[in-house]
Amino acid sequence: MTMDSRDIVVTVNGIRHEATVKTRVTLADFLRHQLELTGTHLGCEHGVCGACTVLVDGRTARSCLMLAVQAHGHEIRTVEGIAPNAKELHPLQTAFQKHHGLQCGFCTPGMLTTLIEFLHDNPDPTEAEVRIAISGNLCRCTGYQGIVDAALDAAKTMRNST
Ligand code: FES
Ligand code: FES
């Protein structure tokens, strides 16, 4: 550890990581470059597009606006960690596939993590509520309708499974 670096301990997708990070490195760059979890995408890198959204202790955070040192002691979940196991998809991932909720896939990790938090807080949302929930996540491909349909369908699946 030098003056401009710190030792951190973070749990990412259930795995504990000890790492030395430069104090100026963002959580997004730490995840992508040090942990090689490139599922978290970087679009605008200034908090506007939502592509870099991850879950920090279950709440969404823009990993381009958060420093890796701020993640010390916290639990991070990225898109790589949302499926229950290697053979099954998360209900949201299944619904995105079914409703064509993605085309290029660039926005998808941020959409999924955003919707995981949202459906946890609001398991039976209206279409308007889904649209508000994803209003901070930009998609250049889908026109959003498929994403909204997928979110509503996944909400139904998740309600029926509890
Ligand atoms: S890359 Fe973080 S909000 Fe766009
Ligand atoms: S699927 Fe391409 S940006 Fe959303």
# chains A, B, ... in the order shown; residues from 1 in each chain; ligands from 1
>>> select_by_dssp(residues="chain A", states="alpha helix (DSSP H)", output="PyMOL selection string")
chain A and resi 27-29+91-98+108-121+127-133+145-160
>>> residues_near_ligand(ligand="ligand 2", cutoff="7 Å", atoms="only C-alpha atoms and all ligand atoms", output="PyMOL selection string")
chain A and resi 102-108+138-142
>>> residues_near_ligand(ligand="ligand 1", cutoff="10 Å", atoms="only C-alpha atoms and all ligand atoms", output="PDB file with N, CA and C atoms, in the first residue's frame")
ATOM      1  N   ALA A  28     -16.417   0.836 -10.842  1.00  0.00           N
ATOM      2  CA  ALA A  28     -16.606   0.222 -12.169  1.00  0.00           C
ATOM      3  C   ALA A  28     -15.276  -0.290 -12.721  1.00  0.00           C
ATOM      4  N   THR A  40     -20.431  -5.447 -16.103  1.00  0.00           N
ATOM      5  CA  THR A  40     -20.799  -4.072 -15.750  1.00  0.00           C
ATOM      6  C   THR A  40     -20.252  -3.151 -16.834  1.00  0.00           C
ATOM      7  N   HIS A  41     -21.148  -2.474 -17.519  1.00  0.00           N
ATOM      8  CA  HIS A  41     -20.730  -1.672 -18.678  1.00  0.00           C
ATOM      9  C   HIS A  41     -20.535  -0.204 -18.325  1.00  0.00           C
ATOM     10  N   LEU A  42     -19.701   0.450 -19.092  1.00  0.00           N
ATOM     11  CA  LEU A  42     -19.464   1.879 -18.921  1.00  0.00           C
ATOM     12  C   LEU A  42     -19.895   2.613 -20.177  1.00  0.00           C
ATOM     13  N   GLY A  43     -20.852   3.501 -20.019  1.00  0.00           N
ATOM     14  CA  GLY A  43     -21.299   4.304 -21.162  1.00  0.00           C
ATOM     15  C   GLY A  43     -20.801   5.720 -21.008  1.00  0.00           C
ATOM     16  N   CYS A  44     -21.534   6.500 -20.241  1.00  0.00           N
ATOM     17  CA  CYS A  44     -21.227   7.932 -20.134  1.00  0.00           C
ATOM     18  C   CYS A  44     -20.088   8.238 -19.167  1.00  0.00           C
ATOM     19  N   GLU A  45     -19.900   7.391 -18.170  1.00  0.00           N
ATOM     20  CA  GLU A  45     -18.912   7.589 -17.095  1.00  0.00           C
ATOM     21  C   GLU A  45     -19.133   8.862 -16.303  1.00  0.00           C
ATOM     22  N   HIS A  46     -20.345   9.407 -16.327  1.00  0.00           N
ATOM     23  CA  HIS A  46     -20.626  10.516 -15.414  1.00  0.00           C
ATOM     24  C   HIS A  46     -22.049  10.466 -14.856  1.00  0.00           C
ATOM     25  N   GLY A  47     -22.562   9.270 -14.652  1.00  0.00           N
ATOM     26  CA  GLY A  47     -23.788   9.135 -13.868  1.00  0.00           C
ATOM     27  C   GLY A  47     -25.087   9.327 -14.611  1.00  0.00           C
ATOM     28  N   VAL A  48     -25.046   9.372 -15.940  1.00  0.00           N
ATOM     29  CA  VAL A  48     -26.261   9.696 -16.691  1.00  0.00           C
ATOM     30  C   VAL A  48     -26.951   8.470 -17.301  1.00  0.00           C
ATOM     31  N   CYS A  49     -26.185   7.514 -17.819  1.00  0.00           N
ATOM     32  CA  CYS A  49     -26.799   6.457 -18.649  1.00  0.00           C
ATOM     33  C   CYS A  49     -27.289   5.247 -17.867  1.00  0.00           C
ATOM     34  N   GLY A  50     -26.735   4.981 -16.712  1.00  0.00           N
ATOM     35  CA  GLY A  50     -27.189   3.856 -15.890  1.00  0.00           C
ATOM     36  C   GLY A  50     -26.593   2.513 -16.260  1.00  0.00           C
ATOM     37  N   ALA A  51     -25.768   2.464 -17.317  1.00  0.00           N
ATOM     38  CA  ALA A  51     -25.222   1.168 -17.760  1.00  0.00           C
ATOM     39  C   ALA A  51     -24.358   0.501 -16.697  1.00  0.00           C
ATOM     40  N   CYS A  52     -23.754   1.307 -15.843  1.00  0.00           N
ATOM     41  CA  CYS A  52     -22.789   0.783 -14.866  1.00  0.00           C
ATOM     42  C   CYS A  52     -23.432   0.427 -13.529  1.00  0.00           C
ATOM     43  N   THR A  53     -24.764   0.418 -13.471  1.00  0.00           N
ATOM     44  CA  THR A  53     -25.456   0.218 -12.195  1.00  0.00           C
ATOM     45  C   THR A  53     -25.164  -1.168 -11.609  1.00  0.00           C
ATOM     46  N   VAL A  54     -24.802  -1.181 -10.336  1.00  0.00           N
ATOM     47  CA  VAL A  54     -24.611  -2.439  -9.597  1.00  0.00           C
ATOM     48  C   VAL A  54     -25.386  -2.306  -8.285  1.00  0.00           C
ATOM     49  N   ALA A  61     -26.353   1.438  -7.218  1.00  0.00           N
ATOM     50  CA  ALA A  61     -25.343   2.506  -7.207  1.00  0.00           C
ATOM     51  C   ALA A  61     -24.716   2.563  -8.590  1.00  0.00           C
ATOM     52  N   ARG A  62     -24.387   3.765  -9.012  1.00  0.00           N
ATOM     53  CA  ARG A  62     -23.691   3.949 -10.298  1.00  0.00           C
ATOM     54  C   ARG A  62     -22.208   3.723 -10.031  1.00  0.00           C
ATOM     55  N   SER A  63     -21.696   2.632 -10.542  1.00  0.00           N
ATOM     56  CA  SER A  63     -20.321   2.285 -10.182  1.00  0.00           C
ATOM     57  C   SER A  63     -19.300   3.196 -10.849  1.00  0.00           C
ATOM     58  N   CYS A  64     -19.738   4.033 -11.808  1.00  0.00           N
ATOM     59  CA  CYS A  64     -18.804   5.011 -12.384  1.00  0.00           C
ATOM     60  C   CYS A  64     -18.646   6.223 -11.474  1.00  0.00           C
ATOM     61  N   LEU A  65     -19.586   6.392 -10.538  1.00  0.00           N
ATOM     62  CA  LEU A  65     -19.538   7.555  -9.639  1.00  0.00           C
ATOM     63  C   LEU A  65     -19.037   7.184  -8.249  1.00  0.00           C
ATOM     64  N   MET A  66     -18.750   5.907  -8.052  1.00  0.00           N
ATOM     65  CA  MET A  66     -18.337   5.451  -6.720  1.00  0.00           C
ATOM     66  C   MET A  66     -16.887   4.987  -6.802  1.00  0.00           C
ATOM     67  N   CYS A 107     -27.120  -1.788 -22.389  1.00  0.00           N
ATOM     68  CA  CYS A 107     -27.815  -1.235 -21.214  1.00  0.00           C
ATOM     69  C   CYS A 107     -28.281  -2.321 -20.241  1.00  0.00           C
ATOM     70  N   GLY A 110     -27.306  -2.830 -16.399  1.00  0.00           N
ATOM     71  CA  GLY A 110     -27.852  -1.754 -15.562  1.00  0.00           C
ATOM     72  C   GLY A 110     -29.360  -1.838 -15.433  1.00  0.00           C
ATOM     73  N   GLY A 136     -33.917   6.343 -15.390  1.00  0.00           N
ATOM     74  CA  GLY A 136     -32.516   6.768 -15.305  1.00  0.00           C
ATOM     75  C   GLY A 136     -31.581   5.834 -16.050  1.00  0.00           C
ATOM     76  N   ASN A 137     -32.148   4.917 -16.826  1.00  0.00           N
ATOM     77  CA  ASN A 137     -31.327   3.974 -17.591  1.00  0.00           C
ATOM     78  C   ASN A 137     -31.637   4.158 -19.077  1.00  0.00           C
ATOM     79  N   LEU A 138     -30.622   4.514 -19.821  1.00  0.00           N
ATOM     80  CA  LEU A 138     -30.845   4.777 -21.245  1.00  0.00           C
ATOM     81  C   LEU A 138     -30.644   3.520 -22.084  1.00  0.00           C
TER      82      LEU A 138
END
>>> select_by_dssp(residues="segment 21-162 of chain A", states="strand (DSSP E)", output="NGL selection string")
:A and (21-22 or 53-56 or 59-62 or 75-77)
>>> write_last_selection(atoms="all heavy atoms", output="mmCIF file, in the first residue's frame")
data_model
loop_
_atom_site.group_PDB
_atom_site.id
_atom_site.type_symbol
_atom_site.label_atom_id
_atom_site.label_comp_id
_atom_site.auth_asym_id
_atom_site.auth_seq_id
_atom_site.Cartn_x
_atom_site.Cartn_y
_atom_site.Cartn_z
ATOM 1 N N VAL A 21 -6.053 -1.028 -4.054
ATOM 2 C CA VAL A 21 -6.570 -0.208 -5.149
ATOM 3 C C VAL A 21 -6.049 1.221 -5.046
ATOM 4 O O VAL A 21 -5.840 1.748 -3.942
ATOM 5 C CB VAL A 21 -8.127 -0.163 -5.162
ATOM 6 C CG1 VAL A 21 -8.706 -1.511 -5.488
ATOM 7 C CG2 VAL A 21 -8.687 0.381 -3.865
ATOM 8 N N LYS A 22 -5.851 1.827 -6.184
ATOM 9 C CA LYS A 22 -5.535 3.262 -6.204
ATOM 10 C C LYS A 22 -6.763 4.018 -5.691
ATOM 11 O O LYS A 22 -7.894 3.650 -6.027
ATOM 12 C CB LYS A 22 -5.237 3.721 -7.631
ATOM 13 C CG LYS A 22 -4.039 3.043 -8.249
ATOM 14 C CD LYS A 22 -2.833 3.939 -8.184
ATOM 15 C CE LYS A 22 -1.699 3.337 -8.984
ATOM 16 N NZ LYS A 22 -0.410 3.391 -8.303
ATOM 17 N N THR A 53 -24.764 0.418 -13.471
ATOM 18 C CA THR A 53 -25.456 0.218 -12.195
ATOM 19 C C THR A 53 -25.164 -1.168 -11.609
ATOM 20 O O THR A 53 -25.285 -2.181 -12.305
ATOM 21 C CB THR A 53 -26.979 0.390 -12.382
ATOM 22 O OG1 THR A 53 -27.211 1.646 -13.013
ATOM 23 C CG2 THR A 53 -27.716 0.315 -11.060
ATOM 24 N N VAL A 54 -24.802 -1.181 -10.336
ATOM 25 C CA VAL A 54 -24.611 -2.439 -9.597
ATOM 26 C C VAL A 54 -25.386 -2.306 -8.285
ATOM 27 O O VAL A 54 -25.899 -1.230 -7.964
ATOM 28 C CB VAL A 54 -23.114 -2.715 -9.295
ATOM 29 C CG1 VAL A 54 -22.323 -2.893 -10.584
ATOM 30 C CG2 VAL A 54 -22.499 -1.609 -8.426
ATOM 31 N N LEU A 55 -25.462 -3.402 -7.554
ATOM 32 C CA LEU A 55 -26.133 -3.362 -6.254
ATOM 33 C C LEU A 55 -25.072 -3.345 -5.152
ATOM 34 O O LEU A 55 -24.155 -4.181 -5.151
ATOM 35 C CB LEU A 55 -27.044 -4.583 -6.096
ATOM 36 C CG LEU A 55 -28.220 -4.597 -7.083
ATOM 37 C CD1 LEU A 55 -28.812 -5.998 -7.212
ATOM 38 C CD2 LEU A 55 -29.297 -3.601 -6.646
ATOM 39 N N VAL A 56 -25.193 -2.385 -4.267
ATOM 40 C CA VAL A 56 -24.287 -2.280 -3.120
ATOM 41 C C VAL A 56 -25.149 -2.467 -1.875
ATOM 42 O O VAL A 56 -26.037 -1.647 -1.608
ATOM 43 C CB VAL A 56 -23.582 -0.902 -3.090
ATOM 44 C CG1 VAL A 56 -22.666 -0.807 -1.874
ATOM 45 C CG2 VAL A 56 -22.800 -0.660 -4.376
ATOM 46 N N ARG A 59 -28.777 -2.117 -2.706
ATOM 47 C CA ARG A 59 -29.300 -0.864 -3.274
ATOM 48 C C ARG A 59 -28.483 -0.501 -4.515
ATOM 49 O O ARG A 59 -27.262 -0.732 -4.558
ATOM 50 C CB ARG A 59 -29.211 0.305 -2.262
ATOM 51 C CG ARG A 59 -29.787 0.065 -0.917
ATOM 52 C CD ARG A 59 -31.165 -0.534 -0.869
ATOM 53 N NE ARG A 59 -32.214 0.253 -1.511
ATOM 54 C CZ ARG A 59 -33.519 -0.038 -1.428
ATOM 55 N NH1 ARG A 59 -33.931 -1.107 -0.737
ATOM 56 N NH2 ARG A 59 -34.410 0.694 -2.029
ATOM 57 N N THR A 60 -29.168 0.083 -5.489
ATOM 58 C CA THR A 60 -28.459 0.419 -6.721
ATOM 59 C C THR A 60 -27.454 1.555 -6.504
ATOM 60 O O THR A 60 -27.702 2.481 -5.725
ATOM 61 C CB THR A 60 -29.440 0.854 -7.823
ATOM 62 O OG1 THR A 60 -30.329 1.836 -7.289
ATOM 63 C CG2 THR A 60 -30.223 -0.306 -8.356
ATOM 64 N N ALA A 61 -26.353 1.438 -7.218
ATOM 65 C CA ALA A 61 -25.343 2.506 -7.207
ATOM 66 C C ALA A 61 -24.716 2.563 -8.590
ATOM 67 O O ALA A 61 -24.563 1.539 -9.257
ATOM 68 C CB ALA A 61 -24.273 2.223 -6.166
ATOM 69 N N ARG A 62 -24.387 3.765 -9.012
ATOM 70 C CA ARG A 62 -23.691 3.949 -10.298
ATOM 71 C C ARG A 62 -22.208 3.723 -10.031
ATOM 72 O O ARG A 62 -21.566 4.555 -9.360
ATOM 73 C CB ARG A 62 -23.926 5.357 -10.832
ATOM 74 C CG ARG A 62 -25.412 5.686 -10.845
ATOM 75 C CD ARG A 62 -25.904 6.153 -12.157
ATOM 76 N NE ARG A 62 -27.212 5.558 -12.307
ATOM 77 C CZ ARG A 62 -28.111 5.903 -13.218
ATOM 78 N NH1 ARG A 62 -27.837 6.858 -14.056
ATOM 79 N NH2 ARG A 62 -29.245 5.294 -13.310
ATOM 80 N N GLU A 75 -21.111 -5.354 0.319
ATOM 81 C CA GLU A 75 -21.458 -6.468 -0.570
ATOM 82 C C GLU A 75 -21.897 -5.919 -1.908
ATOM 83 O O GLU A 75 -22.860 -5.150 -1.972
ATOM 84 C CB GLU A 75 -22.669 -7.234 -0.026
ATOM 85 C CG GLU A 75 -22.397 -7.958 1.227
ATOM 86 C CD GLU A 75 -22.808 -9.424 1.146
ATOM 87 O OE1 GLU A 75 -23.220 -9.884 0.051
ATOM 88 O OE2 GLU A 75 -22.695 -10.071 2.161
ATOM 89 N N ILE A 76 -21.230 -6.328 -2.951
ATOM 90 C CA ILE A 76 -21.555 -5.854 -4.297
ATOM 91 C C ILE A 76 -22.178 -7.014 -5.079
ATOM 92 O O ILE A 76 -21.700 -8.151 -4.992
ATOM 93 C CB ILE A 76 -20.273 -5.409 -5.052
ATOM 94 C CG1 ILE A 76 -19.385 -4.507 -4.184
ATOM 95 C CG2 ILE A 76 -20.625 -4.753 -6.379
ATOM 96 C CD1 ILE A 76 -19.962 -3.207 -3.802
ATOM 97 N N ARG A 77 -23.208 -6.702 -5.831
ATOM 98 C CA ARG A 77 -23.754 -7.700 -6.747
ATOM 99 C C ARG A 77 -23.731 -7.100 -8.139
ATOM 100 O O ARG A 77 -24.254 -5.991 -8.350
ATOM 101 C CB ARG A 77 -25.168 -8.114 -6.336
ATOM 102 C CG ARG A 77 -25.599 -9.422 -6.984
ATOM 103 C CD ARG A 77 -26.434 -10.294 -6.049
ATOM 104 N NE ARG A 77 -27.759 -9.785 -5.880
ATOM 105 C CZ ARG A 77 -28.877 -10.421 -6.244
ATOM 106 N NH1 ARG A 77 -28.815 -11.604 -6.799
ATOM 107 N NH2 ARG A 77 -30.050 -9.913 -6.035
#
>>> residues_around(residues="Ala83 of chain A", least_positions_apart="6", cutoff="10 Å", atoms="only C-alpha atoms", output="mmCIF file with N, CA and C atoms, in the first residue's frame")
data_model
loop_
_atom_site.group_PDB
_atom_site.id
_atom_site.type_symbol
_atom_site.label_atom_id
_atom_site.label_comp_id
_atom_site.auth_asym_id
_atom_site.auth_seq_id
_atom_site.Cartn_x
_atom_site.Cartn_y
_atom_site.Cartn_z
ATOM 1 N N LEU A 89 -31.386 -19.004 -15.140
ATOM 2 C CA LEU A 89 -31.348 -17.541 -15.214
ATOM 3 C C LEU A 89 -32.221 -16.951 -14.115
ATOM 4 N N HIS A 90 -31.967 -15.707 -13.792
ATOM 5 C CA HIS A 90 -32.872 -14.947 -12.924
ATOM 6 C C HIS A 90 -34.180 -14.745 -13.706
ATOM 7 N N PRO A 91 -35.346 -14.728 -13.033
ATOM 8 C CA PRO A 91 -36.602 -14.517 -13.762
ATOM 9 C C PRO A 91 -36.598 -13.274 -14.646
ATOM 10 N N LEU A 92 -35.887 -12.241 -14.249
ATOM 11 C CA LEU A 92 -35.802 -11.051 -15.106
ATOM 12 C C LEU A 92 -35.029 -11.351 -16.387
ATOM 13 N N GLN A 93 -33.971 -12.130 -16.269
ATOM 14 C CA GLN A 93 -33.191 -12.475 -17.468
ATOM 15 C C GLN A 93 -34.038 -13.314 -18.420
ATOM 16 N N THR A 94 -34.787 -14.259 -17.866
ATOM 17 C CA THR A 94 -35.672 -15.089 -18.697
ATOM 18 C C THR A 94 -36.709 -14.212 -19.404
#
>>> atom_distance(atom1="atom CA of Lys98 of chain A", atom2="atom CA of Ile116 of chain A")
17.3 Å
>>> residues_around(residues="Asp124 of chain A", least_positions_apart="6", cutoff="10 Å", atoms="only C-alpha atoms", output="PyMOL selection string")
chain A and resi 130+152+155-156+158-159
>>> atom_distance(atom1="atom CA of Leu115 of chain A", atom2="atom CA of Ala151 of chain A")
7.1 Å
>>> closest_residue(among="A:Ala68, A:Ala154, A:Met3, A:Leu31", to="Pro123 of chain A", atoms="only C-alpha atoms")
A:Ala154
>>> closest_residue(among="A:Asp7, A:Glu36, A:Asp149, A:Glu127", to="Val69 of chain A", atoms="only C-alpha atoms")
A:Asp7
>>> atom_distance(atom1="atom CA of Ser135 of chain A", atom2="atom CA of Thr78 of chain A")
19.8 Å
>>> closest_residue(among="A:Leu67, A:Gly58, A:Asp153, A:Asn160", to="Thr113 of chain A", atoms="only C-alpha atoms")
A:Gly58
>>> closest_residue(among="A:Val79, A:Ala128, A:Ala95, A:Val10", to="Leu112 of chain A", atoms="only C-alpha atoms")
A:Val79
